[in-house]
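Colleague: I have a structure I would like to understand better, so I am pasting it below and will then ask my questions one at a time.
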Amino acid sequence: MVACRAIGILSRFSAIRILRSRGYICRNFTGSSALLTRTHINYGVKGDVAVVRINSPNSKVNTLSKELHSEFTEVMNEIWASDQIRSAVLISSKPGCFIAGADINMLSACKTLQEVTQLSQEAQKILEKLEKSPKPVVAAINGSCLGGGLELAISCQYRIATKDRKTVLGVPEVLLGALPGAGGTQRLPKMVGVPAALDMMLTGRNIRADRAKKMGLVDQLVEPLGPGLKPPEERTMEYLEEVAITFAKGLADKKISPKRDKGLVEKLTAYAMTIPFVRQQVYKKVEEEVRKKTKGLYPAPLKIIDFSHISFLSIDHSSLLPFWTMYKFGELVMTKESKALMGLYHGQVLCKKNKFGAPQKDVKHLAILGAGLMGAGIAQVSVDKGLKTILKDATLTGLDRGQQQVFKGLNDKVKKKALTSFERDSIFSNLTGQLDYQGFEKADMVIEAVFEDLSLKHRVLKEVEAVIPDHCIFASNTSALPISEIAAVSKRPEKVIGMHYFSPVDKMQLLEIITTEKTSRDTSASAVAVGLKQGKVIIVVKDGPGFYTTRCLAPMMSEVIRILQEGVDPKKLDSLTTSFGFPVGAATLVDEVGVDVAKHVAEDLGKVFGERFGGGNPELLTQMVSKGFLGRKSGKGFYIYQEGVKRKDLNSDMDSILASLKLPPKSEVSSDEDIQFRLVTRFVNEAVMCLQEGILATPAEGDIGAVFGLGFPPCLGGPFRFVDLYGAQKIVDRLKKYEAAYGKQFTPCQLLADHANSPNKKFYQ
Amino acid sequence: MTLVCGWLLYGWIVAVQTKTKKTLAKPNIRNVVVVDGVRTPFLLSGTSYKDLMPHDLARAALTGLLHRTSVPKEVVDYIIFGTVIQEVKTSNVAREAALGAGFSDKTPAHTVTMACISANQAMTTGVGLIASGQCDVIVAGGVELMSDVPIRHSRKMRKLMLDLNKAKSMGQRLSLISKFRLNFLAPELPAVAEFSTSETMGHSADRLAAAFAVSRLEQDEYALRSHSLAKKAQDEGLLSDIVPFRVPGKDTVTKDNGIRPSSLEQMAKLKPAFIKPYGTVTAANSSFLTDGASAMLIMAEEKALAMGYKPKAYLRDFMYVSQDPKDQLLLGPTYATPKVLEKAGLTMNDIDAFEFHEAFSGQILANFKAMDSDWFAENYMGRKTKVGLPPLEKFNNWGGSLSLGHPFGATGCRLVMAAANRLRKEGGQYGLVAACAAGGQGHAMIVEAYPK
């Protein structure tokens, strides 16, 4: 369960939060040159209010494309020119989406800096005009209002948003390695204050409507309506429009003021920020924090800070500011980091689809065996999506602990006000905890998460098959045991599949699904459907020792041991790995995974793969286990862990173990950079090997699995994107250098060598 | 030619024969009758009743009923009262009121609660006891005193006080007292809000009105109608279920004090009370917080006749429904009406007196629109066709909760007595009572006039 446990810690780091934003959408664009009939925007006039409706054709969401831009400009010019119109309402025709942001395909398609800059420039021009509009414009927001969409909304004079869960506002550009390129860096701080604006721009977080109202990002809220004479969503949109029209009229008649009363705290903060010294200190602090978090590996956050800061400078400068933002926006979009992040975005969209199509039968009743961390975690993400779930354990204490974990997970959401206590209770009622197999006759899918022991898994498989109906799928949550071996004792191997979750299940987005040669297509379709329902990003891989994720991690872990044996301090090793972009240091990772688990996997996979997984001496782990240094869970590993103590001290008892296994470092391959590359190249080499052997179907899945499951540096975009952007030749050169020093574990695999030999070969064309 | 004649004839028959059924009596089931029912005047909370306790009000209704019907106390088998906001000292308010009203201490009494249909629940519980042969004579009623509601200490403060009670030594007490924080003193107020959604009812009503596109003007007009009709009924002395109440230490109260017909212009000036600043539900088109109690004497028909009574009405089929407490909180009448009609084998046309509980103008009008919508019937009620609109000229003709007031626990009996009295006064056989209640529940009952 290496990879499983590995990841607990990863999720705590902000870098891995990448791309959680939903709806920031790409879309293939069907260009239309029709001049008379507009395809993206239309408007009607109600009384003296123009109602402008945004509706990108053939898409679930509205994106800011070139066409939308030009039509919007046209429409606004007509409105400004018309004598009949005194105010306007801007609304989407799509219930779940106001504007989800810029068309990412449009950005990705830009080949030159000039192209991108021009896009940003055009956007800024119209928004500036909008901001100065003599006729008040009200943005009526329902659904996602992100990136350029929010920049458009905050250029309007007034904003009304529905208090719907789907209504979120945010500027997620930073997650794609860019910055808000259409005036957001200047308008947001003015609207919500510098601290809140920086928080939004640097984290890219989504803000729900009620929070947005409190921050001053929107001026009014509209409650979503229930059923009436029309479907609820349709009527809610109508109602939003009606309310927006009354406000537009009120603004035009000067009965309503667009100015908002700021609270005392806000006023004081705003005042403090006008004092140069305070302001500088604030920005310095933020920049320090960001540098610490990003290790300087992500250029976008620093640029965002710069721009937000510059907007405080003298008026002369700020007139040049839009130009600078455009230029820097363009520059950022062209960076490797941005390309990597956008690549991950595309990969994620891909991994949110069920390539097997819809399953014949929807899974409605789920049963989970084993109420440990994993089992309970899977239960939690299932019940809150409405799946009726049985959680079965062998002992009452185990079951209690598991049920408590699910309850706590839900209750934490109540504390954060993401759920009401009533919703929590009703969700929790989907869970049945039990010690027997009662009710399994209704189960559509059983996921076992019992201890990683083949004979135990065989036993439960046989027990379960005796009680489940014919159509029921048996899924095994294992991180390393080959599924075909588990399925060997099954009466119906076509219904057996692997579902490898990552811990903590409610935080980690990845699900690795493993199919054997006998697994039926419908079984795969069902497993993916369940995973998607649970909110997972899914990669589907072929069966094999360690599948994909665990297999990539193992050689890197072997190298970790080697490096420690060569006398590198665990603290130093951690800092080397985090400064390369891994969210968690390598030594800490072993502690988090559990030394016993790491040992288990190292031995198992070592047997299968032999030399290629060699390098470090597994004896190190064996000795640690025998001394009870199991990592965080036992309080000691490479570090000492104490309840309530944040600071981690090195475990001095490790000195003797390390000393007994000490190997002399090889000076030619022991520079800091070499150590980093020894770890990463082994990871990358193994990943490429997985593609070569067909374990992986696509490089995109490999990148998603590595980043979302194992914490591969997001700024590098995953092992395959890294090869493309860094250059296969350079990686092979490095591998060969290390091979010369250490041996076969560094031998580049054939596919990687092929890519090195022909520079035109890319994993992503 | 014959065919055409046949059709014409058929149409003629339908037009004349409005009653589908002669009576709703069922074989082998005892008929349950209302001998009579009374209520105290319904007053705006914080007025003349403000120093009373709930059981005082309930007692007034009970003594009024005794006086009105002259029923010997000892024949009463059982007493049931509905209430919503409970006074903790008299949580079984039915028993306290009965004892105080001089009923035999051998007559058991219990209290039921089902939000705004608590009195309906008291009545139908009584109907069940009689129909099943357990009892012959029941007093059912309801009471609500919104002038005084239980305001509690915060949970933290309560815990501290309880722990202090248990503390044995001075040291323990001091250590507990040291945990005291000023914010412990913030009180907990009861709210007219759903526990499940935390949404206040007025807010839900405003959303409901918006969902059915009910305008502010429509709501104000309906509220004005309610107040005007109530005023007329009051002036003409039609509200005969009222018994005067001599409030201890104050003057005798003889009539409802919330009836205030205003003008549309005046009403239009009010600001929205819940969804600010653009909602449509205002103080003027909502029912107000009310103090009041009601009581009713229910008997098995043969018992009533044997005792020489001339009953006012039969209590016939009834129905409870429930639905989504968030988005359909107040749609109970829409759901309950067709079901109870079908159960009784009646149609809308058979009903001569509609008495619906008016929580908000917007709620009544939303229910009208829902009942008049095929789309709603198909998609949310599983019906092929719409329920149909109650004709306005038969609807709440003597005012409703908007104008007369709405003491939560007591309204049900008022609705039934209004239906029964209207049938006697205006003629007609069947009345339909319907109400919505917190929790997304609803109730409807058929009241059949007792033959004169």
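To be explicit about the labels: the chains of the structure tokens are called A, B, and onward in the order shown, and within each one the residues are counted from 1, while ligands get numbers from 1 in the order they are shown.
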Could the residues of chain A within 6 Å of chain B, counting only C-alpha atoms, be given as a PyMOL selection string, please?

Modeller: chain A and resi 225-226+228-229+422

Colleague: Taking C-alpha atoms for each residue, export the selection above as a compact mmCIF listing (two decimals), in the first residue's frame.

Modeller:
```
# COMPACT_ATOMS: atom_id res chain seq x y z
CA LEU A 225 -35.85 28.62 -6.37
CA GLY A 226 -37.57 25.30 -6.05
CA GLY A 228 -42.81 26.12 -9.68
CA LEU A 229 -44.41 26.30 -13.07
CA PHE A 422 -28.86 18.05 8.90
```

Colleague: Find the residues near stretch 215-219 of chain A: any atom within 6 Å, counting only C-alpha atoms, skip ones fewer than 2 places away on the same chain, and give them as a ChimeraX atom specification.

Modeller: /A:159-160,192,212-213

Colleague: So, with only C-alpha atoms as the atoms that count, which of A:Ala529, A:Val608, A:Val381, A:Leu431 lies closest to A:Val363?

Modeller: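 Closest to A:Val363 of all the choices is A:Ala529.
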
Colleague: If we count only C-alpha atoms and set the cut-off at 12 Å, which residues sit around stretch 168-178 of chain B, ignoring sequence neighbours fewer than 6 positions away in its own chain? Please answer as a PyMOL selection string.

Modeller: chain B and resi 156-157+159-162+184

Colleague: Can I get the selection written as a PDB file, in the first residue's frame, with N, CA and C atoms?

Modeller:
```
ATOM      1  N   LYS B 156     -23.931  26.337  26.408  1.00  0.00           N
ATOM      2  CA  LYS B 156     -22.739  26.406  27.259  1.00  0.00           C
ATOM      3  C   LYS B 156     -23.116  26.803  28.681  1.00  0.00           C
ATOM      4  N   MET B 157     -24.004  27.810  28.774  1.00  0.00           N
ATOM      5  CA  MET B 157     -24.420  28.288  30.090  1.00  0.00           C
ATOM      6  C   MET B 157     -25.207  27.201  30.812  1.00  0.00           C
ATOM      7  N   LYS B 159     -24.975  24.044  30.439  1.00  0.00           N
ATOM      8  CA  LYS B 159     -24.054  22.987  30.856  1.00  0.00           C
ATOM      9  C   LYS B 159     -23.331  23.411  32.133  1.00  0.00           C
ATOM     10  N   LEU B 160     -22.882  24.662  32.136  1.00  0.00           N
ATOM     11  CA  LEU B 160     -22.177  25.164  33.307  1.00  0.00           C
ATOM     12  C   LEU B 160     -23.070  25.102  34.544  1.00  0.00           C
ATOM     13  N   MET B 161     -24.315  25.520  34.367  1.00  0.00           N
ATOM     14  CA  MET B 161     -25.226  25.533  35.516  1.00  0.00           C
ATOM     15  C   MET B 161     -25.500  24.114  36.011  1.00  0.00           C
ATOM     16  N   LEU B 162     -25.673  23.190  35.070  1.00  0.00           N
ATOM     17  CA  LEU B 162     -25.939  21.807  35.477  1.00  0.00           C
ATOM     18  C   LEU B 162     -24.730  21.207  36.183  1.00  0.00           C
ATOM     19  N   PHE B 184     -21.460  33.245  27.174  1.00  0.00           N
ATOM     20  CA  PHE B 184     -22.388  32.213  27.632  1.00  0.00           C
ATOM     21  C   PHE B 184     -23.772  32.813  27.862  1.00  0.00           C
TER      22      PHE B 184
END
```
